[in-house]
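Asker: Quick one: structure below, then a few questions.
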Amino acid sequence: MSLFGAIQMGGNTLRAMQIGLHVVGNNIANANTPGYVRQEAIFVPAPVQVHGNLILGTGVLVDSIVQKLDRFVQERLVGAHGDRANAEVQEEVYRDLESALNALSDGTDLSSSLTSFFNAIHEVMKDPGNIAMRNLAIGAGSALTENFGQMYRGVFAMQGELNERVSAISDEINGLAEEVRRLNLQISSIEGGDSSGSQAAGLRVQRQEAVNRLSELIGIRVDEQPSGGLSVAVGGEFLVFEGQRREVAVTATNENGAALGFIEFIDTHSPLDTTSGELQGLYTGRDEIVGGFLERLDELAGTLAFEFNKVYSQGQGLVGFKQLTSVETIDDASAALDEAGLEFTPVSGSFNVVVSSKTNPQLTHTHRLLVDLNGLDEDTTLTSLAAQLDAIADLSASISTSGALVLSSESSDVEFSFAGDTSGVLAALGINTFFTGSTAASLNVNAELKGIENASKFAASLGGIGNDAGNAERLAAFLDRPLESASNASLADLYNQILNEVAQGSSIAQSVAEGYRVFEGTLEGQQQAVSGVSVDEEAIKMITLQRIYQASARYIQTCSELLELLVQL
């Protein structure tokens with residue numbers, strides 16, 4: 001090798017070390033940049049020269065600058081991001097739901113309202129002739145129904161907020177997919193299909209950040225193509241494929257009176273089938289956690305209304321009725337009562353109608369009416385029931401244009417009441433009932449009882465119109481009474497089951513979320529061990545490259561001095 005060749009070899013080394021120092025400096029500068037992947041200059045021997053039997057090296061060259069990345073860990077992290085995000089959304093939903101239940105509040109929660117209501121009925125037992133006590137019980141019932149409504153509205157608002165977040169995610173998915181598509185094109189253009197070179201390192205970092213966020217939103221599968229572009233698939237359908245992408249949008253469906261949005265592909269209208277990520281967490285939180293809670297709350301309210309009314313409707317107040325209209329209406333008066341579309345279904349049985357004279361109690365007479373709903377012969381309809389009632393002396397019965405049953409006494413001296421209902425038809429039709437409605441949102445106190453002037457109608461008596469408290473005694477014990485319709489669970493048991501389900505679900509959600517956070521942290525630690533920047537290690541590399549650079553410079557200087565000496569000779 002000539003001296004000129006030796007000087008050129010030294011120059012190659014200087015240029016290679018300059019590039020290496022530049023890479024090290026870039027790593028140190030980005031040591032705290034989120035998502036940055038450490039780069040490394042790959043040095044290779046320069047092509048050799050053959051002189052006779054001698055093979056002479058020509059120095060060093062920079063083959064490429066690559067990102068230090070463990071692809072396997074990176075792929076696992078994509079899935080871990082989605083699992084953690086899914087679990088954290090569910091954890092958040094349970095936390096908000098526990099706050100809504102407010103089980104440890106200062107007496108304004110549903111549990112306290114239930115206790116206060118039945119305590120108020122217990123007070124009626126002590127002084128059944130006291131109208132004020134009856135009015136307090138009615139007021140406590142109104143407070144209970146209001147708390148049911150407040151809880152329902154509060155949790156229903158949570159469901160609406162979760163639904164809004166689903167809509168927002170749709171726009172974010174489209175934005176991230178477009179960013180990945182655009183960066184795919186730029187990276188492929190710069191690297192020319194040589195993905196191992198990682199020449200577009202900065203763009204790759206940006207793209208990976210977009211992919212990471214996308215993996216937090218929806219469960220995705222990511223594959224790198226030979227061109228350097230990424231393909232992103234969701235549930236087996238591609239969202240991004242190199243320079244192409246698909247749009248998604250929200251479509252709304254109505255479930256139980258709530259407009260719920262679901263994300264689907266615009267071109268095929270197929271749902272975005274994701275099993276992890278924030279979107280899945282929102283679906284689960286909105287539909288299963290919050291939606292399930294609302295269903296259980298409605299079941300509790302419906303059980304309270306129907307079962308309590310079945311007991312209440314058999315009692316009497318201090319006064320009887322002169323006129324009474326059923327709360328519930330039926331569109332087809334000729335349909336069997338158990339197939340007429342009532343919120344609560346009556347069964348075969350009977351009930352008593354007691355017609356009394358206010359001036360002559362000896363003229364009181366009781367009529368037993370049969371309710372036949374066995375499906376074998378002519379079942380009882382609203383029309384046939386009205387006919388039975390109308391056949392009672394001093395009592396008139398008809399069906400209004402809206403489908404309500406209207407009862408009235410035919411004499412100013414006559415009043416009527418009810419007793420002994422084994423069919424549940426009075427509670428189903430809303431005749432002589434305390435509660436109206438069948439859900440937490442619609443639960444209310446019968447308007448016939450509201451106002452101090454109507455408090456005397458509170459059905460505390462059981463032996464007829466008067467001052468006894470036989471029915472109030474049964475009503476006061478209702479909270480802990482086993483209910484056949486609830487598999488012998490009491491109303492208190494049903495409410496405690498709801499609380500326990502929320503508490504247990506919250507505990508499980510916290511544990512699952514913490515587990516995924518730990519797992520994700522472990523993978524990130526493994527990734528940082530490979531891809532993270534250690535300033536100390538980079539400093540050692542910098543010193544090494546600096547020493548090589550100085551030695552190369554000294555080598556060039558020595559060759560230059562030899563060349564000058566040769567010229568002088």
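All residue names refer to the structure tokens as shown: chains lettered A, B, ... in order, residues numbered from 1 in each chain, ligands numbered from 1 in order.
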What parts of segment 223-322 of chain A does DSSP call strand (DSSP E)? I'd like the answer as an MDAnalysis selection string.
Answerer: chainID A and resid 223:224 230:234 237:241 244:245 248:255 258:265
Asker: Could you write those residues out with C-alpha atoms, as a PDB file, in the first residue's frame?
Answerer:
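Dumped everything to part_24.pdb:
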```pdb
ATOM      1  CA  ASP A 223     -46.652  -6.806  11.185  1.00  0.00           C
ATOM      2  CA  GLU A 224     -43.755  -5.115   9.397  1.00  0.00           C
ATOM      3  CA  LEU A 230     -46.521  -1.665   8.840  1.00  0.00           C
ATOM      4  CA  SER A 231     -49.790  -3.510   8.507  1.00  0.00           C
ATOM      5  CA  VAL A 232     -52.236  -3.032  11.382  1.00  0.00           C
ATOM      6  CA  ALA A 233     -55.110  -5.501  11.748  1.00  0.00           C
ATOM      7  CA  VAL A 234     -58.098  -5.491  14.115  1.00  0.00           C
ATOM      8  CA  GLU A 237     -59.473  -7.186   9.283  1.00  0.00           C
ATOM      9  CA  PHE A 238     -56.800  -4.718   8.246  1.00  0.00           C
ATOM     10  CA  LEU A 239     -57.002  -1.134   9.410  1.00  0.00           C
ATOM     11  CA  VAL A 240     -53.736  -0.002   7.789  1.00  0.00           C
ATOM     12  CA  PHE A 241     -51.723  -1.807   5.131  1.00  0.00           C
ATOM     13  CA  GLN A 244     -53.664   2.244   2.533  1.00  0.00           C
ATOM     14  CA  ARG A 245     -56.076   2.588   5.423  1.00  0.00           C
ATOM     15  CA  VAL A 248     -64.205   3.804  10.885  1.00  0.00           C
ATOM     16  CA  ALA A 249     -67.333   5.513  12.190  1.00  0.00           C
ATOM     17  CA  VAL A 250     -69.861   5.231  15.002  1.00  0.00           C
ATOM     18  CA  THR A 251     -73.259   3.663  14.409  1.00  0.00           C
ATOM     19  CA  ALA A 252     -75.978   4.001  17.057  1.00  0.00           C
ATOM     20  CA  THR A 253     -78.389   1.352  18.305  1.00  0.00           C
ATOM     21  CA  ASN A 254     -81.180   1.768  20.828  1.00  0.00           C
ATOM     22  CA  GLU A 255     -81.084  -0.565  23.805  1.00  0.00           C
ATOM     23  CA  ALA A 258     -80.440   4.396  25.551  1.00  0.00           C
ATOM     24  CA  ALA A 259     -78.745   5.256  22.260  1.00  0.00           C
ATOM     25  CA  LEU A 260     -75.507   3.253  22.352  1.00  0.00           C
ATOM     26  CA  GLY A 261     -72.742   3.741  19.795  1.00  0.00           C
ATOM     27  CA  PHE A 262     -70.587   1.008  18.278  1.00  0.00           C
ATOM     28  CA  ILE A 263     -67.590   1.551  15.988  1.00  0.00           C
ATOM     29  CA  GLU A 264     -67.611  -0.149  12.590  1.00  0.00           C
ATOM     30  CA  PHE A 265     -65.732  -0.003   9.275  1.00  0.00           C
TER      31      PHE A 265
END
```
Asker: Where does segment 491-545 of chain A meet segment 59-77 of chain A within 8 Å, residue by residue, with the nearest atom pair and distance in Å to one decimal for each, counting only C-alpha atoms, listed by chain and rising number, as CSV?
Answerer:
```
residue,atom,partner,partner_atom,distance
A:Glu520,CA,A:Leu77,CA,6.7
A:Leu523,CA,A:Leu77,CA,6.4
A:Glu524,CA,A:Leu77,CA,7.3
A:Gln526,CA,A:Val73,CA,7.3
A:Gln527,CA,A:Val73,CA,6.4
A:Val530,CA,A:Lys68,CA,6.2
A:Ser531,CA,A:Lys68,CA,5.2
```
Asker: Atoms to include: C-alpha atoms. Write the selected residues as an mmCIF file, in the first residue's frame.
Answerer:
```cif
data_model
loop_
_atom_site.group_PDB
_atom_site.id
_atom_site.type_symbol
_atom_site.label_atom_id
_atom_site.label_comp_id
_atom_site.auth_asym_id
_atom_site.auth_seq_id
_atom_site.Cartn_x
_atom_site.Cartn_y
_atom_site.Cartn_z
ATOM 1 C CA GLU A 520 -46.553 -4.016 31.077
ATOM 2 C CA LEU A 523 -41.940 -5.643 29.364
ATOM 3 C CA GLU A 524 -41.056 -1.952 29.249
ATOM 4 C CA GLN A 526 -36.943 -5.401 29.121
ATOM 5 C CA GLN A 527 -37.369 -3.043 26.210
ATOM 6 C CA VAL A 530 -32.186 -2.985 24.885
ATOM 7 C CA SER A 531 -33.570 0.233 23.464
#
```
Asker: Enumerate, as a PyMOL selection string, the complete set of residues in segment 472-522 of chain A that a backbone-based DSSP assignment places in alpha helix (DSSP H).
Answerer: chain A and resi 472-476+491-522
Asker: Mind running segment 414-523 of chain A against segment 134-157 of chain A at 12 Å and telling me each contacting residue's nearest atom pair with the distance in Å (one decimal), counting only C-alpha atoms, chain and number ascending, as CSV?
Answerer:
```
residue,atom,partner,partner_atom,distance
A:Thr433,CA,A:Ile138,CA,11.9
A:Phe434,CA,A:Ile138,CA,8.4
A:Phe435,CA,A:Gly141,CA,8.3
A:Thr436,CA,A:Thr145,CA,9.7
A:Gly437,CA,A:Thr145,CA,9.9
A:Ser438,CA,A:Thr145,CA,11.1
A:Thr439,CA,A:Phe148,CA,8.9
A:Ala440,CA,A:Phe148,CA,5.3
A:Ala441,CA,A:Gly149,CA,4.8
A:Ser442,CA,A:Gly149,CA,7.4
A:Leu443,CA,A:Thr145,CA,5.6
A:Asn444,CA,A:Thr145,CA,5.4
A:Val445,CA,A:Ser142,CA,5.8
A:Asn446,CA,A:Ser142,CA,9.4
A:Ala447,CA,A:Ser142,CA,10.5
A:Glu448,CA,A:Ile138,CA,10.8
A:Leu449,CA,A:Ile138,CA,7.2
A:Lys450,CA,A:Ile138,CA,7.2
A:Gly451,CA,A:Asn135,CA,7.7
A:Ile452,CA,A:Asn135,CA,6.1
A:Glu453,CA,A:Asn135,CA,9.1
A:Asn454,CA,A:Asn135,CA,8.3
A:Ala455,CA,A:Asn135,CA,5.0
A:Ser456,CA,A:Arg134,CA,7.0
A:Lys457,CA,A:Arg134,CA,8.7
A:Phe458,CA,A:Arg134,CA,6.3
A:Ala459,CA,A:Arg134,CA,9.0
A:Ala460,CA,A:Arg134,CA,8.3
A:Ser461,CA,A:Arg134,CA,11.5
A:Asn467,CA,A:Arg134,CA,11.6
A:Ala469,CA,A:Arg134,CA,11.0
A:Ala472,CA,A:Arg134,CA,9.9
A:Leu475,CA,A:Ala137,CA,11.1
A:Ala476,CA,A:Ala137,CA,10.5
A:Tyr495,CA,A:Phe148,CA,11.8
```
Asker: For Asn500 of chain A, list every protein, DNA or RNA residue within 12 Å, evaluated using only C-alpha atoms, and leave out those in the same chain fewer than 6 positions away; present the list as a short mmCIF file (atom, residue, chain, number, x, y, z; two decimals) with C-alpha atoms, in the first residue's frame.
Answerer:
```
data_model
loop_
_atom_site.label_atom_id
_atom_site.label_comp_id
_atom_site.auth_asym_id
_atom_site.auth_seq_id
_atom_site.Cartn_x
_atom_site.Cartn_y
_atom_site.Cartn_z
CA GLU A 98 -69.11 2.83 43.95
CA LEU A 101 -73.89 4.05 45.33
CA ALA A 103 -73.21 3.36 50.59
CA PHE A 293 -76.24 -2.38 37.36
CA ASP A 493 -81.04 -9.38 50.47
CA LEU A 494 -81.58 -8.18 46.89
CA SER A 506 -64.45 -3.47 41.80
CA SER A 507 -61.97 -5.55 43.79
#
```
